[in-house]
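*Asks:* Dropping the structure in here first, questions after.
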Amino acid sequence: MLSNQAADPAKRKSLHGHWSSRMAFILAVTGSAVGLGNIWRFPYIVGENGGGAFVLVYLACVVVIGMPVMMSEILMGRRGRRNPIATMELLGAEEGKSPNWKVVGAMGVLAGVLILSYYAVVGGWTLSYVLKSGSGQFANATPEIVTSLRDKFLGSWSTVALYHTIFMGLTIFVVARGVERGLEQAVRFMVPALLLLMVVLLGYSIASGHFGEGVAFLFKPDWSKLTWDMVLTAMGQAFFTLSIGMGAVMAYGAYLPEETSIPGSATAVAISDTSIALLAGLVIFPLVFANGMDPGDGPGLVFVTLPLAFGQMPGGVFFATLFFVLLTFAAWTSAISLMEPAVAWIVERFNKTRAQAAVAIGLLIWALGFGTVLSFNVLSDFTFWRGTIFDNLDHLTLNIMLPLGGLLIVVFAGWVMCRNSTADELGGSGAVYKLWRFLARVVAPIGILFVFLKAVGLLPEFS
Ligand code: PHE
């Protein structure tokens, strides 16, 4: 009998080993959460959606929807101790309900595969900027130079594909070796270092003379910009940046030691993730205004603003290289977690080794990645629905699959699982538990559903 099949949830063990400590788990989930979503996507999405109003909606989503979903994922993972598909099947049956809840796990596995197919392309883009900054290409560069460097990079599909391939190779390598080995150490160093470097950049940004303008753009809401499509995008960003709604956190929760506090861990992760995103915004927007650029510039925003800033500061070559190395690391630890649900599923379901599973899934994701590689060059005019292949993948996964997955996950934890099971995992039925349960049963499901229906125009307009 497999050791994760014990009838008593407290005695179950994951087949993939457990985190060595509570800190190791927090670090791993932080490594998953902090990534391109904070530093690459957050600023450009805020820019495209007009600033402050978007940021406030995003923050509200993190607190009232993100937190309960994250806690639900961790508690379900730890109780099931299996991959997300098998965990939902087991818990569904155990609670006397349907094992078909496993479909939610399957949708998460699929979302992870699709997200990583474009995430790895941007990860490769970051990697290529390590070399560009290291070779001094940004030194004293003008906005025209950095823009043309970016356009030249994106314009060459073979270069984009090359770096995408290297990035996927690195990801497959770590996932094949097992999640704990190496990851703990990498994150322990990376997150504080990234934070420190952002603070250095913040100093530079304050000195740019346009700091006030940046702060106003980021935090001063212009409610006329508010549309339901924008609220959906803000909610999708909250899911994406916290790594929730697709089972990554559930998969990591399966390796969580019994005694660790789930609310405490989730709060620590959400605070560090949100601070890094806000810091990225505070660094980037003053630079955008100082250089007379357009905040709605799109996915290339950080790849233009930061090289420009580094190019003008003393020691810029060193700082720029270090920054892109750290960002590549951050993207890497997130990519690993995007693959983990699929890999854990293949290992458990088909009795394969981690290496076999990682290579098989990795190759599939690598191939799918070409849809995004080509979106910026050869197929940039091939548009439908939301735009290029990349735009569609982004919208489908982040704004639809993650919130839908999150909705079904909170409904599962809040309504399908009985009070005893969830209270058992969340450390008793005190005030924190009551708050979680209210958010998970009422606020989060209604909130997600409402935004969905509004965004597709199924509910009448207020005004
Ligand atoms: N949260 C990661 C980021 O912000 C991306 C991610 C999403 C990772 C979903 C895992 C699961 O970059």
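Chain labels run A, B, ... following the order of the structure tokens; each chain numbers its residues from 1, and ligands are numbered from 1 in the order shown.
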Skipping near chain neighbours, those fewer than 6 positions away, what residues fall within 7 Å of stretch 428-441 of chain A using only C-alpha atoms, listed as a PyMOL selection string?
*Replies:* chain A and resi 64+68+410-411+414-415
*Asks:* Any chance you could export the current selection's all heavy atoms as a PDB file, in the first residue's frame?
*Replies:*
```pdb
ATOM      1  N   VAL A  64      -9.381  39.548   0.132  1.00  0.00           N
ATOM      2  CA  VAL A  64     -10.652  38.850   0.386  1.00  0.00           C
ATOM      3  C   VAL A  64     -10.853  37.601  -0.477  1.00  0.00           C
ATOM      4  O   VAL A  64     -11.678  36.754  -0.147  1.00  0.00           O
ATOM      5  CB  VAL A  64     -11.898  39.769   0.273  1.00  0.00           C
ATOM      6  CG1 VAL A  64     -11.815  40.897   1.275  1.00  0.00           C
ATOM      7  CG2 VAL A  64     -12.089  40.277  -1.127  1.00  0.00           C
ATOM      8  N   PRO A  68      -8.189  33.497   1.283  1.00  0.00           N
ATOM      9  CA  PRO A  68      -8.942  32.264   1.556  1.00  0.00           C
ATOM     10  C   PRO A  68      -8.660  31.146   0.550  1.00  0.00           C
ATOM     11  O   PRO A  68      -8.642  29.977   0.910  1.00  0.00           O
ATOM     12  CB  PRO A  68     -10.408  32.703   1.508  1.00  0.00           C
ATOM     13  CG  PRO A  68     -10.423  34.053   0.900  1.00  0.00           C
ATOM     14  CD  PRO A  68      -9.081  34.669   1.155  1.00  0.00           C
ATOM     15  N   VAL A 410     -12.394  27.050  -3.401  1.00  0.00           N
ATOM     16  CA  VAL A 410     -13.001  27.559  -2.140  1.00  0.00           C
ATOM     17  C   VAL A 410     -14.357  26.942  -1.879  1.00  0.00           C
ATOM     18  O   VAL A 410     -14.728  26.729  -0.724  1.00  0.00           O
ATOM     19  CB  VAL A 410     -13.155  29.105  -2.026  1.00  0.00           C
ATOM     20  CG1 VAL A 410     -11.912  29.762  -1.514  1.00  0.00           C
ATOM     21  CG2 VAL A 410     -13.689  29.743  -3.259  1.00  0.00           C
ATOM     22  N   VAL A 411     -15.100  26.670  -2.946  1.00  0.00           N
ATOM     23  CA  VAL A 411     -16.391  26.024  -2.740  1.00  0.00           C
ATOM     24  C   VAL A 411     -16.167  24.628  -2.155  1.00  0.00           C
ATOM     25  O   VAL A 411     -16.864  24.188  -1.235  1.00  0.00           O
ATOM     26  CB  VAL A 411     -17.197  25.952  -4.065  1.00  0.00           C
ATOM     27  CG1 VAL A 411     -18.365  24.986  -3.945  1.00  0.00           C
ATOM     28  CG2 VAL A 411     -17.703  27.342  -4.436  1.00  0.00           C
ATOM     29  N   GLY A 414     -14.936  25.127   1.459  1.00  0.00           N
ATOM     30  CA  GLY A 414     -15.927  25.771   2.316  1.00  0.00           C
ATOM     31  C   GLY A 414     -17.230  25.001   2.451  1.00  0.00           C
ATOM     32  O   GLY A 414     -17.872  25.050   3.490  1.00  0.00           O
ATOM     33  N   TRP A 415     -17.631  24.326   1.373  1.00  0.00           N
ATOM     34  CA  TRP A 415     -18.956  23.686   1.383  1.00  0.00           C
ATOM     35  C   TRP A 415     -18.893  22.162   1.336  1.00  0.00           C
ATOM     36  O   TRP A 415     -19.714  21.496   1.954  1.00  0.00           O
ATOM     37  CB  TRP A 415     -19.810  24.196   0.207  1.00  0.00           C
ATOM     38  CG  TRP A 415     -20.159  25.640   0.330  1.00  0.00           C
ATOM     39  CD1 TRP A 415     -19.482  26.689  -0.220  1.00  0.00           C
ATOM     40  CD2 TRP A 415     -21.253  26.210   1.060  1.00  0.00           C
ATOM     41  NE1 TRP A 415     -20.092  27.874   0.123  1.00  0.00           N
ATOM     42  CE2 TRP A 415     -21.182  27.610   0.903  1.00  0.00           C
ATOM     43  CE3 TRP A 415     -22.296  25.663   1.827  1.00  0.00           C
ATOM     44  CZ2 TRP A 415     -22.104  28.476   1.494  1.00  0.00           C
ATOM     45  CZ3 TRP A 415     -23.210  26.533   2.410  1.00  0.00           C
ATOM     46  CH2 TRP A 415     -23.111  27.922   2.236  1.00  0.00           C
TER      47      TRP A 415
END
```
*Asks:* Excluding A:Asp8 and its own-chain neighbours fewer than 4 positions away, which residues fall within 12 Å of it when counting only C-alpha atoms? Please give them as a ChimeraX atom specification.
*Replies:* /A:3-4,12-13,79-81,91,94,421,424
*Asks:* Please save N, CA and C atoms of the selected residues as a compact mmCIF listing (two decimals), in the first residue's frame.
*Replies:*
```txt
# COMPACT_ATOMS: atom_id res chain seq x y z
N SER A 3 2.24 4.85 0.94
CA SER A 3 2.19 5.49 2.25
C SER A 3 1.25 6.69 2.27
N ASN A 4 0.87 7.22 1.11
CA ASN A 4 -0.07 8.35 1.17
C ASN A 4 -1.51 7.87 1.17
N ARG A 12 -0.95 10.33 6.86
CA ARG A 12 -0.54 10.23 5.46
C ARG A 12 0.81 10.87 5.22
N LYS A 13 1.57 10.29 4.32
CA LYS A 13 2.85 10.89 3.92
C LYS A 13 2.85 11.06 2.42
N ARG A 79 -4.02 17.63 3.58
CA ARG A 79 -4.90 16.54 3.98
C ARG A 79 -4.82 15.37 3.00
N GLY A 80 -4.75 15.68 1.72
CA GLY A 80 -4.73 14.61 0.71
C GLY A 80 -3.35 14.02 0.51
N ARG A 81 -2.33 14.85 0.63
CA ARG A 81 -0.93 14.40 0.48
C ARG A 81 -0.66 13.77 -0.88
N LEU A 91 -10.37 13.44 -1.34
CA LEU A 91 -11.12 14.22 -0.34
C LEU A 91 -12.60 14.24 -0.68
N GLU A 94 -13.87 10.99 0.49
CA GLU A 94 -13.78 10.88 1.94
C GLU A 94 -14.86 11.69 2.67
N SER A 421 -13.12 18.62 9.34
CA SER A 421 -11.92 18.40 8.53
C SER A 421 -11.13 19.69 8.38
N ASP A 424 -9.67 21.03 11.66
CA ASP A 424 -8.56 20.18 12.01
C ASP A 424 -7.26 20.68 11.36
```
*Asks:* Which residues, written as a VMD selection string, have at least one atom at most 9 Å from A:Trp40, with only C-alpha atoms counted and residues fewer than 5 positions away on the same chain left out?
*Replies:* chain A and resid 35 45 122 280 299 to 303
*Asks:* Those selected residues, please, written with N, CA, C and O atoms and delivered as a CSV table (one decimal), in the first residue's frame.
*Replies:*
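Saved result, part.csv, follows:
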```csv
chain,number,residue,atom,x,y,z
A,35,GLY,N,7.8,36.3,-8.7
A,35,GLY,CA,8.3,35.9,-10.0
A,35,GLY,C,8.1,37.0,-11.0
A,35,GLY,O,7.9,38.2,-10.7
A,45,ILE,N,0.6,45.7,-16.5
A,45,ILE,CA,-0.8,45.5,-16.5
A,45,ILE,C,-1.4,46.7,-15.8
A,45,ILE,O,-2.5,47.3,-16.2
A,122,VAL,N,9.1,34.3,-21.4
A,122,VAL,CA,9.5,35.5,-20.8
A,122,VAL,C,10.7,35.2,-19.9
A,122,VAL,O,11.6,36.1,-19.7
A,280,ALA,N,8.0,47.1,-7.1
A,280,ALA,CA,8.3,47.1,-8.6
A,280,ALA,C,7.6,48.3,-9.2
A,280,ALA,O,8.1,49.0,-10.0
A,299,PRO,N,3.9,44.5,-22.6
A,299,PRO,CA,4.8,43.5,-22.0
A,299,PRO,C,6.3,43.8,-22.0
A,299,PRO,O,7.1,43.2,-21.3
A,300,GLY,N,6.7,44.8,-22.8
A,300,GLY,CA,8.1,45.1,-22.8
A,300,GLY,C,8.6,46.2,-21.8
A,300,GLY,O,9.7,46.5,-21.7
A,301,LEU,N,7.6,46.7,-21.0
A,301,LEU,CA,7.8,47.8,-20.1
A,301,LEU,C,9.1,47.7,-19.2
A,301,LEU,O,10.0,48.5,-19.3
A,302,VAL,N,9.2,46.6,-18.4
A,302,VAL,CA,10.4,46.5,-17.5
A,302,VAL,C,11.7,46.3,-18.3
A,302,VAL,O,12.7,46.7,-17.9
A,303,PHE,N,11.6,45.7,-19.5
A,303,PHE,CA,12.8,45.5,-20.3
A,303,PHE,C,13.3,46.8,-21.0
A,303,PHE,O,14.3,46.8,-21.6
```
*Asks:* Record the distance separating atom CA of A:Phe219 and atom CA of A:Asn392, expressed in Å with one decimal.
*Replies:*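 Interatomic distance, atom CA of A:Phe219 to atom CA of A:Asn392: 28.4 Å.
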*Asks:* Between A:Ile145, A:Met70, A:Val288, A:Ile448, single out the one closest to ligand 1, counting only C-alpha atoms and all ligand atoms.
*Replies:*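 The shortest atom-to-atom distance to ligand 1 comes from A:Met70.
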*Asks:* Could you jot down the atom CA of A:His16 to atom 1 (N, counted along the ligand's line) of ligand 1 separation for me, Å, one decimal place?
*Replies:*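 Here the two named atoms are 22.0 Å from each other.
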*Asks:* One decimal, Å: what's the distance from atom CA of A:Ala248 over to atom CA of A:Val231, could you say?
*Replies:*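 Separation of atom CA of A:Ala248 and atom CA of A:Val231: 23.7 Å.
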*Asks:* Taking the DSSP assignment computed from this structure's backbone, write out as a VMD selection string all residues of stretch 17-69 of chain A that belong to helix (DSSP H, G or I).
*Replies:* chain A and resid 22 to 33 36 to 48 52 to 69
*Asks:* Atoms to include: N, CA and C atoms. Write the selected residues as a CSV table (one decimal), in the first residue's frame.
*Replies:*
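Resulting contents of selection-v6.csv:
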```csv
chain,number,residue,atom,x,y,z
A,22,ARG,N,9.0,24.4,8.6
A,22,ARG,CA,8.0,25.4,8.3
A,22,ARG,C,8.5,26.5,7.4
A,23,MET,N,9.8,26.9,7.7
A,23,MET,CA,10.4,28.0,7.0
A,23,MET,C,10.7,27.5,5.5
A,24,ALA,N,11.0,26.2,5.4
A,24,ALA,CA,11.3,25.7,4.0
A,24,ALA,C,10.0,25.8,3.2
A,25,PHE,N,8.9,25.5,3.8
A,25,PHE,CA,7.6,25.6,3.0
A,25,PHE,C,7.3,27.0,2.7
A,26,ILE,N,7.4,27.9,3.6
A,26,ILE,CA,7.2,29.3,3.3
A,26,ILE,C,8.1,29.8,2.2
A,27,LEU,N,9.3,29.4,2.3
A,27,LEU,CA,10.3,29.8,1.3
A,27,LEU,C,9.9,29.3,-0.1
A,28,ALA,N,9.5,28.0,-0.1
A,28,ALA,CA,9.1,27.4,-1.4
A,28,ALA,C,7.9,28.1,-2.0
A,29,VAL,N,6.9,28.4,-1.2
A,29,VAL,CA,5.7,29.0,-1.7
A,29,VAL,C,6.0,30.5,-2.1
A,30,THR,N,6.9,31.1,-1.3
A,30,THR,CA,7.3,32.5,-1.7
A,30,THR,C,8.0,32.4,-3.0
A,31,GLY,N,8.9,31.4,-3.2
A,31,GLY,CA,9.6,31.3,-4.4
A,31,GLY,C,8.7,31.1,-5.6
A,32,SER,N,7.6,30.4,-5.3
A,32,SER,CA,6.6,30.2,-6.4
A,32,SER,C,5.8,31.5,-6.7
A,33,ALA,N,5.5,32.2,-5.6
A,33,ALA,CA,4.7,33.4,-5.8
A,33,ALA,C,5.5,34.6,-6.4
A,36,LEU,N,7.9,36.6,-12.3
A,36,LEU,CA,7.7,37.5,-13.3
A,36,LEU,C,6.3,38.2,-13.1
A,37,GLY,N,5.4,37.6,-12.4
A,37,GLY,CA,4.1,38.2,-12.2
A,37,GLY,C,4.3,39.5,-11.4
A,38,ASN,N,5.2,39.6,-10.5
A,38,ASN,CA,5.4,40.8,-9.7
A,38,ASN,C,6.2,41.9,-10.4
A,39,ILE,N,7.2,41.5,-11.1
A,39,ILE,CA,8.2,42.5,-11.6
A,39,ILE,C,8.0,42.7,-13.1
A,40,TRP,N,7.5,41.8,-13.8
A,40,TRP,CA,7.3,42.0,-15.3
A,40,TRP,C,5.8,42.3,-15.5
A,41,ARG,N,4.9,41.4,-15.0
A,41,ARG,CA,3.5,41.6,-15.4
A,41,ARG,C,2.8,42.7,-14.6
A,42,PHE,N,3.0,42.8,-13.3
A,42,PHE,CA,2.3,43.7,-12.5
A,42,PHE,C,2.4,45.2,-13.1
A,43,PRO,N,3.6,45.7,-13.2
A,43,PRO,CA,3.7,47.1,-13.7
A,43,PRO,C,3.1,47.3,-15.1
A,44,TYR,N,3.2,46.4,-16.0
A,44,TYR,CA,2.7,46.7,-17.3
A,44,TYR,C,1.2,46.6,-17.4
A,45,ILE,N,0.6,45.7,-16.5
A,45,ILE,CA,-0.8,45.5,-16.5
A,45,ILE,C,-1.4,46.7,-15.8
A,46,VAL,N,-0.7,47.2,-14.7
A,46,VAL,CA,-1.2,48.4,-14.1
A,46,VAL,C,-1.2,49.6,-15.1
A,47,GLY,N,-0.1,49.7,-15.8
A,47,GLY,CA,0.1,50.7,-16.8
A,47,GLY,C,-1.0,50.7,-17.9
A,48,GLU,N,-1.3,49.5,-18.3
A,48,GLU,CA,-2.4,49.4,-19.4
A,48,GLU,C,-3.8,49.7,-18.8
A,52,GLY,N,-4.0,53.7,-10.4
A,52,GLY,CA,-4.5,53.5,-9.0
A,52,GLY,C,-5.8,52.7,-8.8
A,53,ALA,N,-6.8,52.9,-9.6
A,53,ALA,CA,-8.1,52.1,-9.4
A,53,ALA,C,-7.8,50.6,-9.5
A,54,PHE,N,-7.0,50.3,-10.6
A,54,PHE,CA,-6.7,48.9,-10.8
A,54,PHE,C,-5.9,48.3,-9.6
A,55,VAL,N,-4.9,49.1,-9.1
A,55,VAL,CA,-4.1,48.6,-8.0
A,55,VAL,C,-5.0,48.3,-6.7
A,56,LEU,N,-5.9,49.2,-6.5
A,56,LEU,CA,-6.8,49.1,-5.3
A,56,LEU,C,-7.7,47.8,-5.4
A,57,VAL,N,-8.2,47.6,-6.6
A,57,VAL,CA,-9.0,46.4,-6.8
A,57,VAL,C,-8.2,45.2,-6.7
A,58,TYR,N,-7.0,45.2,-7.2
A,58,TYR,CA,-6.1,44.1,-7.1
A,58,TYR,C,-5.8,43.8,-5.6
A,59,LEU,N,-5.5,44.8,-4.8
A,59,LEU,CA,-5.2,44.6,-3.4
A,59,LEU,C,-6.4,44.0,-2.7
A,60,ALA,N,-7.6,44.5,-3.0
A,60,ALA,CA,-8.8,44.0,-2.4
A,60,ALA,C,-8.9,42.5,-2.7
A,61,CYS,N,-8.6,42.2,-4.0
A,61,CYS,CA,-8.7,40.7,-4.4
A,61,CYS,C,-7.8,39.9,-3.7
A,62,VAL,N,-6.5,40.4,-3.4
A,62,VAL,CA,-5.5,39.6,-2.7
A,62,VAL,C,-6.1,39.2,-1.3
A,63,VAL,N,-6.6,40.2,-0.6
A,63,VAL,CA,-7.1,40.0,0.7
A,63,VAL,C,-8.3,39.2,0.8
A,64,VAL,N,-9.4,39.5,0.1
A,64,VAL,CA,-10.7,38.8,0.4
A,64,VAL,C,-10.9,37.6,-0.5
A,65,ILE,N,-10.1,37.5,-1.6
A,65,ILE,CA,-10.3,36.3,-2.4
A,65,ILE,C,-9.0,35.4,-2.3
A,66,GLY,N,-7.9,36.1,-2.6
A,66,GLY,CA,-6.6,35.4,-2.6
A,66,GLY,C,-6.2,34.6,-1.3
A,67,MET,N,-6.4,35.3,-0.2
A,67,MET,CA,-6.0,34.7,1.1
A,67,MET,C,-6.8,33.4,1.3
A,68,PRO,N,-8.2,33.5,1.3
A,68,PRO,CA,-8.9,32.3,1.6
A,68,PRO,C,-8.7,31.1,0.5
A,69,VAL,N,-8.4,31.5,-0.7
A,69,VAL,CA,-8.1,30.5,-1.7
A,69,VAL,C,-6.8,29.8,-1.4
```
*Asks:* Identify which of the residues A:Val416, A:Leu242, A:Val443, A:Ala216 lies closest to ligand 1, counting only C-alpha atoms and all ligand atoms when measuring atom-to-atom distances.
*Replies:*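 Residue with the minimum atom-to-atom distance to ligand 1: A:Leu242.
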*Asks:* So that I can see what lies close to stretch 337-340 of chain A, please list as a ChimeraX atom specification the residues with an atom at most 9 Å from it, counting only C-alpha atoms and leaving out residues fewer than 3 positions away in the same chain.
*Replies:* /A:28-29,31-32,83,109,111-113,115-116,171-172,175,179,243,246-249,251-252,332-334,343-345,358,361-362
